[in-house]
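Chemist: What follows is data.cif; its format and atoms are mmCIF, C-alpha atoms and all ligand atoms.
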```
data_upload
#
loop_
_atom_site.label_atom_id
_atom_site.label_comp_id
_atom_site.auth_asym_id
_atom_site.auth_seq_id
_atom_site.Cartn_x
_atom_site.Cartn_y
_atom_site.Cartn_z
CA MET A 1 -3.72 -7.97 23.88
CA SER A 2 -5.09 -7.64 20.37
CA PHE A 3 -7.28 -10.40 19.02
CA PRO A 4 -6.23 -12.90 16.36
CA VAL A 5 -7.27 -12.14 12.79
CA LEU A 6 -5.90 -15.41 11.44
CA THR A 7 -5.99 -18.64 13.37
CA VAL A 8 -4.36 -21.77 12.04
CA GLU A 9 -5.01 -24.99 13.89
CA ASP A 10 -3.16 -28.22 13.39
CA LEU A 11 -2.42 -27.62 9.72
CA ASN A 12 -0.99 -30.56 7.83
CA VAL A 13 0.14 -30.17 4.24
CA SER A 14 1.63 -33.05 2.33
CA PHE A 15 2.71 -33.52 -1.27
CA LYS A 16 2.77 -36.84 -3.03
CA THR A 17 6.02 -37.08 -4.96
CA SER A 18 8.04 -39.79 -6.68
CA LYS A 19 10.28 -39.91 -3.59
CA GLY A 20 7.37 -40.43 -1.22
CA VAL A 21 5.00 -38.24 0.75
CA VAL A 22 6.58 -34.91 1.71
CA LYS A 23 5.05 -33.60 4.93
CA ALA A 24 5.83 -29.94 4.32
CA ASN A 25 3.69 -28.65 7.21
CA ASP A 26 3.16 -31.00 10.12
CA GLY A 27 0.69 -29.87 12.76
CA ILE A 28 1.19 -26.12 12.49
CA SER A 29 -0.84 -24.02 14.91
CA LEU A 30 -0.39 -20.29 15.20
CA GLU A 31 -2.25 -17.03 15.11
CA VAL A 32 -1.60 -13.67 13.53
CA ARG A 33 -3.02 -10.88 15.66
CA GLU A 34 -4.62 -7.64 14.62
CA GLY A 35 -2.02 -5.04 13.65
CA GLU A 36 0.94 -7.32 14.32
CA ILE A 37 3.94 -8.22 12.25
CA LEU A 38 4.72 -11.89 12.62
CA GLY A 39 8.05 -13.04 11.23
CA LEU A 40 8.18 -16.66 10.05
CA ILE A 41 11.76 -17.85 9.80
CA GLY A 42 13.62 -21.06 9.11
CA GLU A 43 16.13 -22.60 6.72
CA THR A 44 15.41 -23.41 3.12
CA GLY A 45 12.89 -26.21 2.58
CA CYS A 46 11.39 -26.14 6.08
CA GLY A 47 7.90 -25.35 4.75
CA LYS A 48 7.50 -21.55 5.01
CA THR A 49 6.24 -20.92 1.48
CA THR A 50 3.97 -23.94 1.74
CA PHE A 51 2.43 -22.42 4.85
CA GLY A 52 1.91 -19.00 3.25
CA LYS A 53 0.38 -20.48 0.13
CA ALA A 54 -1.81 -22.91 2.07
CA ILE A 55 -3.50 -19.96 3.79
CA LEU A 56 -4.81 -18.77 0.42
CA ARG A 57 -5.19 -22.25 -1.05
CA LEU A 58 -2.61 -21.53 -3.71
CA LEU A 59 -0.84 -24.89 -3.58
CA SER A 60 -0.83 -27.01 -6.68
CA GLY A 61 0.22 -30.55 -7.45
CA LYS A 62 -0.76 -33.67 -5.56
CA VAL A 63 -1.37 -31.86 -2.32
CA LYS A 64 -3.37 -32.82 0.76
CA LEU A 65 -4.46 -30.15 3.22
CA GLU A 66 -5.87 -30.89 6.66
CA GLY A 67 -6.62 -28.69 9.63
CA LYS A 68 -8.31 -25.39 10.15
CA ILE A 69 -7.54 -21.92 8.80
CA VAL A 70 -9.91 -19.19 9.97
CA TYR A 71 -9.65 -15.54 8.96
CA ARG A 72 -11.96 -13.18 10.85
CA GLY A 73 -14.59 -15.87 11.22
CA THR A 74 -14.26 -17.22 7.65
CA ASP A 75 -13.30 -20.87 7.46
CA ILE A 76 -10.94 -20.68 4.48
CA LEU A 77 -10.62 -24.40 3.79
CA SER A 78 -14.37 -24.75 3.29
CA LEU A 79 -14.92 -21.68 1.07
CA PRO A 80 -16.15 -22.52 -2.43
CA GLU A 81 -13.50 -21.71 -5.06
CA LYS A 82 -15.59 -18.86 -6.48
CA GLU A 83 -15.66 -17.09 -3.12
CA MET A 84 -12.01 -17.90 -2.63
CA ARG A 85 -11.19 -15.90 -5.76
CA ARG A 86 -12.92 -12.85 -4.27
CA PHE A 87 -11.25 -13.45 -0.93
CA ARG A 88 -7.68 -13.54 -2.29
CA GLY A 89 -6.23 -10.08 -2.44
CA LYS A 90 -9.29 -8.49 -0.84
CA GLU A 91 -9.13 -10.02 2.65
CA ILE A 92 -5.63 -11.44 2.56
CA GLY A 93 -3.05 -10.14 0.11
CA ILE A 94 0.02 -12.10 -0.88
CA MET A 95 3.40 -11.24 -2.35
CA LEU A 96 4.97 -14.37 -3.68
CA GLN A 97 8.68 -14.95 -4.06
CA ASN A 98 10.32 -13.97 -7.32
CA PRO A 99 8.43 -11.02 -8.85
CA SER A 100 9.59 -11.67 -12.39
CA ALA A 101 7.85 -15.05 -12.31
CA CYS A 102 4.67 -13.63 -10.78
CA LEU A 103 4.23 -10.63 -13.06
CA ASN A 104 2.95 -10.91 -16.58
CA PRO A 105 5.85 -9.86 -18.84
CA VAL A 106 3.59 -8.53 -21.60
CA LEU A 107 1.42 -6.27 -19.43
CA SER A 108 2.59 -2.91 -18.09
CA ALA A 109 2.92 -2.54 -14.33
CA GLY A 110 0.06 -0.05 -14.20
CA ARG A 111 -2.20 -2.31 -16.20
CA GLN A 112 -1.54 -5.27 -13.88
CA ILE A 113 -2.58 -3.21 -10.88
CA ALA A 114 -5.55 -1.72 -12.72
CA GLU A 115 -6.82 -5.21 -13.58
CA ILE A 116 -7.20 -5.90 -9.87
CA TYR A 117 -9.56 -2.94 -9.45
CA ARG A 118 -11.50 -3.89 -12.55
CA TYR A 119 -11.97 -7.49 -11.44
CA HIS A 120 -12.61 -6.97 -7.74
CA GLU A 121 -14.28 -3.61 -7.68
CA GLY A 122 -15.85 -3.46 -11.13
CA MET A 123 -14.15 -0.15 -11.93
CA GLY A 124 -14.07 1.29 -15.43
CA LYS A 125 -10.74 1.43 -17.30
CA LYS A 126 -9.99 5.11 -16.62
CA GLU A 127 -10.79 4.98 -12.92
CA ALA A 128 -8.84 1.73 -12.45
CA GLU A 129 -5.80 3.23 -14.16
CA LYS A 130 -5.97 6.30 -11.99
CA LYS A 131 -6.10 4.12 -8.88
CA ALA A 132 -3.16 2.09 -10.20
CA GLY A 133 -1.14 5.28 -10.63
CA GLU A 134 -1.92 6.29 -7.04
CA MET A 135 -0.88 2.87 -5.82
CA LEU A 136 2.45 3.15 -7.67
CA GLU A 137 3.09 6.55 -6.07
CA LEU A 138 2.29 5.05 -2.68
CA VAL A 139 5.06 2.48 -3.07
CA GLY A 140 7.54 5.09 -4.27
CA ILE A 141 7.29 4.70 -8.05
CA SER A 142 6.35 7.69 -10.19
CA SER A 143 2.96 7.17 -11.83
CA LEU A 144 4.68 8.30 -15.03
CA ARG A 145 6.13 4.77 -15.13
CA LYS A 146 2.75 3.06 -15.18
CA ASP A 147 3.14 2.08 -18.84
CA ASP A 148 6.53 0.46 -18.26
CA TYR A 149 6.81 -3.32 -18.54
CA PRO A 150 8.29 -5.54 -15.81
CA HIS A 151 11.64 -5.93 -17.60
CA GLN A 152 12.11 -2.14 -17.47
CA PHE A 153 12.20 -2.15 -13.65
CA SER A 154 15.13 -2.98 -11.36
CA GLY A 155 14.81 -5.77 -8.78
CA GLY A 156 13.94 -3.34 -5.99
CA MET A 157 11.41 -1.52 -8.17
CA LEU A 158 9.78 -4.82 -9.14
CA GLN A 159 9.37 -5.62 -5.46
CA ARG A 160 7.68 -2.25 -5.06
CA VAL A 161 5.26 -3.22 -7.82
CA MET A 162 4.59 -6.46 -5.94
CA VAL A 163 3.87 -4.46 -2.79
CA ALA A 164 1.41 -2.32 -4.77
CA ILE A 165 -0.33 -5.45 -6.04
CA GLY A 166 -0.37 -7.10 -2.62
CA LEU A 167 -1.89 -4.04 -0.96
CA ALA A 168 -4.07 -2.78 -3.84
CA LEU A 169 -7.33 -3.86 -2.21
CA ARG A 170 -6.27 -2.82 1.30
CA PRO A 171 -6.33 -6.36 2.74
CA GLY A 172 -6.41 -6.82 6.51
CA LEU A 173 -3.50 -9.26 6.29
CA LEU A 174 -0.56 -9.35 3.92
CA ILE A 175 1.58 -12.43 3.44
CA ALA A 176 4.99 -11.45 2.11
CA ASP A 177 7.15 -14.39 1.06
CA GLU A 178 10.84 -13.45 1.06
CA PRO A 179 10.14 -9.93 -0.21
CA THR A 180 13.79 -8.96 0.05
CA LYS A 181 15.38 -12.01 -1.50
CA GLY A 182 18.17 -11.26 -3.95
CA LEU A 183 18.29 -7.53 -3.16
CA ASP A 184 21.37 -5.69 -1.93
CA THR A 185 21.52 -4.72 1.74
CA ASP A 186 20.31 -1.14 1.34
CA THR A 187 17.45 -2.00 -1.00
CA LYS A 188 16.50 -4.89 1.25
CA LEU A 189 15.93 -2.63 4.19
CA GLN A 190 14.10 -0.02 2.10
CA ILE A 191 11.64 -2.60 0.76
CA ALA A 192 11.09 -4.20 4.14
CA GLU A 193 10.52 -0.82 5.75
CA LEU A 194 8.16 0.20 2.96
CA ILE A 195 6.03 -2.92 3.51
CA VAL A 196 6.04 -2.56 7.27
CA GLY A 197 5.26 1.17 7.08
CA LEU A 198 2.27 0.67 4.77
CA VAL A 199 0.93 -2.26 6.78
CA ARG A 200 1.21 -0.31 10.03
CA LYS A 201 -0.47 2.74 8.47
CA GLU A 202 -3.47 0.61 7.53
CA ASN A 203 -3.42 -1.12 10.90
CA ALA A 204 -3.26 -4.34 8.90
CA SER A 205 -1.26 -7.44 9.89
CA LEU A 206 1.75 -8.93 8.18
CA LEU A 207 3.10 -12.45 7.94
CA LEU A 208 6.69 -11.85 6.92
CA VAL A 209 8.22 -15.05 5.58
CA THR A 210 11.97 -14.86 5.48
CA HIS A 211 15.12 -16.75 6.30
CA ASP A 212 16.67 -13.47 7.32
CA LEU A 213 16.57 -13.61 11.09
CA GLU A 214 18.16 -10.21 11.37
CA LEU A 215 15.40 -8.62 9.32
CA ALA A 216 12.70 -10.41 11.29
CA GLY A 217 14.37 -9.35 14.54
CA ARG A 218 14.39 -5.75 13.45
CA LEU A 219 10.88 -5.49 12.08
CA ALA A 220 8.62 -8.13 13.57
CA ASP A 221 6.59 -7.96 16.77
CA ARG A 222 6.71 -11.72 17.22
CA ILE A 223 8.78 -14.40 15.57
CA ALA A 224 7.81 -17.98 14.75
CA VAL A 225 10.70 -20.34 14.04
CA MET A 226 10.06 -23.29 11.76
CA TYR A 227 12.13 -26.44 11.47
CA ALA A 228 11.38 -29.43 9.24
CA GLY A 229 7.69 -28.66 8.84
CA GLU A 230 7.07 -27.83 12.49
CA ILE A 231 7.03 -24.68 14.59
CA VAL A 232 9.77 -24.99 17.21
CA GLU A 233 9.47 -21.60 18.89
CA ILE A 234 7.14 -18.59 18.94
CA GLY A 235 7.58 -15.49 21.04
CA LYS A 236 8.10 -11.75 21.15
CA ALA A 237 10.79 -10.81 18.62
CA GLU A 238 13.15 -9.11 21.04
CA GLU A 239 12.88 -11.98 23.51
CA VAL A 240 13.43 -14.71 20.93
CA ILE A 241 16.48 -12.85 19.65
CA SER A 242 17.97 -11.87 22.98
CA ASN A 243 17.29 -15.18 24.64
CA PRO A 244 16.44 -17.97 22.20
CA GLY A 245 14.47 -20.78 23.79
CA HIS A 246 15.19 -23.49 21.26
CA PRO A 247 18.69 -24.74 20.39
CA TYR A 248 17.84 -24.35 16.69
CA THR A 249 16.99 -20.67 17.13
CA CYS A 250 20.26 -20.26 18.97
CA ASP A 251 22.20 -21.94 16.17
CA LEU A 252 20.44 -19.76 13.59
CA LEU A 253 21.48 -16.66 15.53
CA HIS A 254 25.09 -17.80 15.56
CA SER A 255 24.97 -18.15 11.79
CA LEU A 256 24.44 -14.40 11.33
CA PRO A 257 27.33 -12.38 9.88
CA GLY A 258 27.64 -10.24 13.00
CA LYS A 259 27.44 -13.25 15.29
CA GLY A 260 30.18 -15.49 14.04
CA LEU A 261 28.73 -16.68 10.74
CA LYS A 262 28.80 -20.23 12.04
CA ALA A 263 26.48 -22.14 9.72
CA VAL A 264 24.06 -24.50 11.40
CA SER A 265 25.97 -27.77 11.15
CA GLY A 266 24.59 -30.98 9.71
CA GLN A 267 22.06 -31.70 7.01
CA ILE A 268 18.65 -30.22 6.49
CA PRO A 269 16.41 -33.23 7.24
CA SER A 270 14.20 -35.06 4.79
CA LEU A 271 10.53 -34.23 5.05
CA VAL A 272 9.65 -37.66 3.64
CA SER A 273 11.14 -39.47 6.63
CA PRO A 274 12.04 -36.87 9.26
CA PRO A 275 14.22 -37.81 12.24
CA SER A 276 12.49 -39.57 15.13
CA GLY A 277 11.83 -37.77 18.41
CA CYS A 278 12.84 -34.16 18.19
CA ARG A 279 13.49 -33.41 14.52
CA TYR A 280 16.45 -31.25 15.40
CA HIS A 281 18.20 -33.87 17.52
CA PRO A 282 20.74 -35.07 14.89
CA ARG A 283 22.10 -31.51 14.63
CA CYS A 284 21.60 -30.37 18.19
CA SER A 285 24.64 -29.89 20.40
CA CYS A 286 22.49 -30.07 23.55
CA ARG A 287 20.81 -33.40 22.81
CA PHE A 288 20.54 -36.26 25.28
CA GLU A 289 19.17 -39.79 24.88
CA ALA A 290 15.49 -38.96 25.13
CA CYS A 291 15.69 -36.47 22.27
CA SER A 292 15.85 -39.22 19.65
CA GLN A 293 12.85 -41.00 21.15
CA VAL A 294 10.40 -38.46 22.48
CA ARG A 295 8.72 -36.00 20.19
CA PRO A 296 8.52 -32.75 22.12
CA GLU A 297 5.31 -30.75 22.13
CA LEU A 298 5.13 -27.04 21.56
CA LEU A 299 4.67 -25.91 25.16
CA LYS A 300 4.08 -22.48 26.60
CA ASN A 301 6.58 -21.45 29.24
CA ALA A 302 6.07 -19.09 32.16
CA GLY A 303 7.05 -16.09 30.05
CA GLY A 304 4.37 -16.87 27.44
CA ARG A 305 6.87 -18.22 24.92
CA PHE A 306 6.10 -21.42 23.01
CA ILE A 307 9.04 -23.81 22.71
CA ARG A 308 9.26 -27.34 21.33
CA CYS A 309 12.24 -28.77 23.20
CA LEU A 310 12.58 -31.41 25.88
CA LEU A 311 15.13 -29.24 27.64
CA SER A 312 12.63 -26.49 28.19
CA GLY A 313 9.99 -28.86 29.58
CA LYS A 314 9.99 -29.56 33.29
CA GLU A 315 9.38 -33.26 32.96
CA TRP A 316 9.69 -35.66 30.13
CA LYS A 317 9.28 -39.33 29.51
CA THR A 318 10.85 -41.89 27.25
CA GLU A 319 9.09 -44.85 25.71
CA ASN A 320 10.88 -47.14 28.15
CA ALA A 321 9.80 -45.27 31.22
CA ALA A 322 6.27 -44.33 30.46
CA ASP A 323 5.27 -43.32 33.95
CA SER A 324 8.11 -41.39 35.43
CA PRO A 325 10.51 -38.77 34.21
CA ILE A 326 14.00 -40.21 34.08
CA ARG A 327 15.80 -37.08 35.12
CA GLU A 328 15.44 -33.39 35.13
CA GLN A 329 17.51 -31.46 32.66
CA PRO A 330 18.59 -27.90 33.19
CA ALA A 331 16.68 -25.51 31.01
CA PHE A 332 18.41 -24.85 27.73
CA SER A 333 20.34 -21.63 27.54
CA CYS A 334 21.98 -20.16 24.49
CA THR A 335 25.72 -19.85 25.08
CA GLU A 336 26.45 -16.31 24.09
CA GLU A 337 27.87 -13.73 26.45
CA ASP A 338 26.82 -10.56 24.79
CA THR A 339 23.15 -9.97 24.19
CA TRP A 340 21.70 -9.82 20.72
CA HIS A 341 20.62 -6.49 19.39
CA PHE A 342 19.40 -5.38 16.01
N1 LIG B 401 4.24 -28.48 -5.20
C1 LIG B 401 5.09 -29.26 -4.52
N2 LIG B 401 5.21 -30.56 -4.81
C2 LIG B 401 6.06 -31.35 -4.11
N3 LIG B 401 6.83 -30.93 -3.09
C3 LIG B 401 6.76 -29.65 -2.76
C4 LIG B 401 5.90 -28.73 -3.44
N4 LIG B 401 6.04 -27.50 -2.87
C5 LIG B 401 6.94 -27.63 -1.88
N5 LIG B 401 7.38 -28.93 -1.80
C6 LIG B 401 8.35 -29.47 -0.83
O1 LIG B 401 7.92 -29.07 0.46
C7 LIG B 401 9.04 -28.75 1.28
C8 LIG B 401 8.89 -27.36 1.83
O2 LIG B 401 9.06 -26.41 0.77
P1 LIG B 401 8.83 -24.86 0.94
O3 LIG B 401 8.99 -24.23 -0.40
O4 LIG B 401 7.53 -24.64 1.63
O5 LIG B 401 10.02 -24.44 1.90
P2 LIG B 401 10.56 -22.99 2.28
O6 LIG B 401 10.76 -22.98 3.75
O7 LIG B 401 9.68 -21.95 1.72
O8 LIG B 401 11.98 -22.94 1.57
P3 LIG B 401 12.77 -21.70 0.90
O9 LIG B 401 13.38 -20.91 2.04
O10 LIG B 401 13.80 -22.36 0.06
O11 LIG B 401 11.79 -20.89 0.11
C9 LIG B 401 10.26 -28.97 0.42
O12 LIG B 401 10.76 -30.25 0.69
C10 LIG B 401 9.73 -28.87 -0.99
O13 LIG B 401 10.52 -29.63 -1.88
NI NI B 402 9.97 -20.39 0.41
#
```
Would you write the structure of this file as structure tokens?

Modeler:
Amino acid sequence: MSFPVLTVEDLNVSFKTSKGVVKANDGISLEVREGEILGLIGETGCGKTTFGKAILRLLSGKVKLEGKIVYRGTDILSLPEKEMRRFRGKEIGIMLQNPSACLNPVLSAGRQIAEIYRYHEGMGKKEAEKKAGEMLELVGISSLRKDDYPHQFSGGMLQRVMVAIGLALRPGLLIADEPTKGLDTDTKLQIAELIVGLVRKENASLLLVTHDLELAGRLADRIAVMYAGEIVEIGKAEEVISNPGHPYTCDLLHSLPGKGLKAVSGQIPSLVSPPSGCRYHPRCSCRFEACSQVRPELLKNAGGRFIRCLLSGKEWKTENAADSPIREQPAFSCTEEDTWHF
């Protein structure tokens, strides 16, 4: 098994807001391994972008970060800001959501890429522009368009520019936050395949943040499922998709167009005061009494899958019966006859 390049341990991220403290990431632990594509999925507001940005310390506002983030031996949370600026893009690249907001509207695409080489690698103007042109070609844009401004590109083309920026310094890990959002189906797949192809060619790793489970199922090696600031399941992509271990993953699968389009019922929970016990219990069709009282841990099962659900644990306890399990529950199983394939 390949070794982890990024290890996140017990990451807590909270924002102080007028409505209270938002715990956007609550005890997240996961690793991204060398050469792997890890899909991070979950509904809107569950904390995916917060997680991606926390890795590169890009969060702003009244934010508190606790835990450990280590990339190839570098403890990111204790790097001085000056070193952090060198680290971003060079060691870990990031493509943030919404290219038109990330790109500078008054600089040409080529110039924005060239600036990266000038800043990080001290290249002269000519050389940096030549490299920028090569990078554009690599992502499928003619270098003849290097002097075009962001508004002259289509949505798909702008995403290609973002890919060029994210990979300009050949980082070992790329974080791509919803890189296909707002694109039509064909373009979506083209962009996702472009990113995956380039990452694989470099033997780099990819953290693919998306709420598109189908895309993650198709392209990722492993999938991590997030719910209300927590990871509820991590496992091999084909296993998570063919046999979801958490009721939430199962419900997400049923919400896909080809699988019934049954939206996950109930409300997305508040991250200021999340539900007690298992955070998914108010929406879970498999819940039993203990689910509202006992907070399940993320436990590894015999198949190497991590699942945070009382139904997948062998024994569980409630506050009232601290010493003995009240009863054994059958393991959760997703009620779907045909198997899932992407
Ligand atoms: N700078 C901030 N200040 C205050 N709250 C924030 C900030 N950034 C994010 N949040 C809150 O943290 C929670 C998680 O947001 P986040 O953007 O990480 O979710 P997400 O899973 O990426 O959602 P989406 O799929 O919509 O992009 C939300 O409740 C959001 O309102
Ligand atoms: Ni997001």

Chemist: Taking only C-alpha atoms and all ligand atoms into account, report as a VMD selection string which residues have an atom no farther than 12 Å from an atom of ligand NI 402 (chain B).

Modeler: chain A and resid 24 40 to 53 95 to 98 175 to 179 181 208 to 212 226

Chemist: Could you dump the residues just selected with C-alpha atoms as a compact mmCIF listing (two decimals), in the frame of the given file?

Modeler:
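Saved result, part_31.txt, follows:
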```txt
# COMPACT_ATOMS: atom_id res chain seq x y z
CA ALA A 24 5.83 -29.94 4.32
CA LEU A 40 8.18 -16.66 10.05
CA ILE A 41 11.76 -17.85 9.80
CA GLY A 42 13.62 -21.06 9.11
CA GLU A 43 16.13 -22.60 6.72
CA THR A 44 15.41 -23.41 3.12
CA GLY A 45 12.89 -26.21 2.58
CA CYS A 46 11.39 -26.14 6.08
CA GLY A 47 7.90 -25.35 4.75
CA LYS A 48 7.50 -21.55 5.01
CA THR A 49 6.24 -20.92 1.48
CA THR A 50 3.97 -23.94 1.74
CA PHE A 51 2.43 -22.42 4.85
CA GLY A 52 1.91 -19.00 3.25
CA LYS A 53 0.38 -20.48 0.13
CA MET A 95 3.40 -11.24 -2.35
CA LEU A 96 4.97 -14.37 -3.68
CA GLN A 97 8.68 -14.95 -4.06
CA ASN A 98 10.32 -13.97 -7.32
CA ILE A 175 1.58 -12.43 3.44
CA ALA A 176 4.99 -11.45 2.11
CA ASP A 177 7.15 -14.39 1.06
CA GLU A 178 10.84 -13.45 1.06
CA PRO A 179 10.14 -9.93 -0.21
CA LYS A 181 15.38 -12.01 -1.50
CA LEU A 208 6.69 -11.85 6.92
CA VAL A 209 8.22 -15.05 5.58
CA THR A 210 11.97 -14.86 5.48
CA HIS A 211 15.12 -16.75 6.30
CA ASP A 212 16.67 -13.47 7.32
CA MET A 226 10.06 -23.29 11.76
```

Chemist: In Å to one decimal, how far is CA of Asn25 in chain A from atom N3 of ligand LIG 401 (chain B)?

Modeler: 11.0 Å

Chemist: Give me, please, the distance in Å between CA of Ser100 in chain A and CA of Ala220 in chain A, quoted to one decimal.

Modeler: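 So the two atoms, CA of Ser100 in chain A and CA of Ala220 in chain A, lie 26.2 Å apart.
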
Chemist: What is the distance, in Å and to one decimal place, between CA of Leu253 in chain A and CA of Ile241 in chain A?

Modeler: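 These atoms are spaced 7.5 Å apart.
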
Chemist: Restricting the calculation to only C-alpha atoms, which member of A:Ser273, A:Glu239, A:Gly67, A:Leu144 is positioned closest to Val21 in chain A?

Modeler: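 For Val21 in chain A, the nearest of the given residues is A:Ser273.
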
Chemist: Which is closest to Pro244 in chain A among A:His281, A:Lys23, A:Arg305, A:Lys131, if we use all atoms listed in the file?

Modeler: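 Once distances to Pro244 in chain A are computed over all atoms listed in the file, the minimum belongs to A:Arg305.
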
Chemist: Given all atoms listed in the file as the basis, pick out the residue of A:Tyr119, A:Phe3, A:Phe15, A:Tyr149 nearest to ligand LIG 401 (chain B).

Modeler: A:Phe15

Chemist: Which is closer to Ala164 in chain A than all the others in A:Ile141, A:Leu58, A:Leu136, A:Leu107, using all atoms listed in the file?

Modeler: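 Comparing A:Ile141, A:Leu58, A:Leu136, A:Leu107 against Ala164 in chain A, the winner is A:Leu136.
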
Chemist: Rank A:Gly140, A:Pro269, A:Pro80, A:Gly245 by their smallest atom-to-atom distance to ligand LIG 401 (chain B), using only C-alpha atoms and all ligand atoms, and report the top residue only.

Modeler: A:Pro269

Chemist: Between A:Lys146, A:His120, A:Val5, A:Asn301, single out the one closest to Leu38 in chain A, counting only C-alpha atoms.

Modeler: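 So, comparing all the options, the nearest one is A:Val5.
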
Chemist: Output, as JSON, the centre and edge lengths in Å (one decimal) of the axis-aligned box that contains all listed atoms of range 226-235 of chain A with 5 Å of margin on each side.

Modeler:
```
{"center_x": 9.6, "center_y": -22.5, "center_z": 14.9, "size_x": 15.1, "size_y": 23.9, "size_z": 22.2}
```

Chemist: Write out as a list in words the residues lying within 8 Å of Ile307 in chain A, counting only C-alpha atoms and excluding same-chain residues fewer than 3 positions away.

Modeler: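 Once the adjacent positions are removed, what remains is Val232, Glu233, Ile234, Gly245, His246, Glu297, Leu298, Leu299, Lys300, Asn301 and Ser312 of chain A.
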
Chemist: Within 12 Å of (17.0, -10.8, 10.7) in the file's own coordinates, which protein, DNA or RNA residues have an atom, counting only C-alpha atoms? List them as a VMD selection string.

Modeler: chain A and resid 39 to 42 178 180 185 188 to 189 192 208 to 220 223 225 237 to 238 240 to 241 249 252 to 259 340 to 342

Chemist: Excluding Glu91 in chain A and residues on its chain fewer than 6 positions from it, collect all residues at most 12 Å away from it, counting all atoms listed in the file, and give them as number ranges by chain.

Modeler: A: 5-6, 55-56, 70-74, 76, 83-85, 120, 166-175, 204-205

Chemist: Write out as a PyMOL selection string each polymer residue whose atoms come within 12 Å of Ser108 in chain A, counting all atoms listed in the file; drop sequence neighbours fewer than 3 positions from it.

Modeler: chain A and resi 103-105+111-115+129+132-133+143-153+158+161
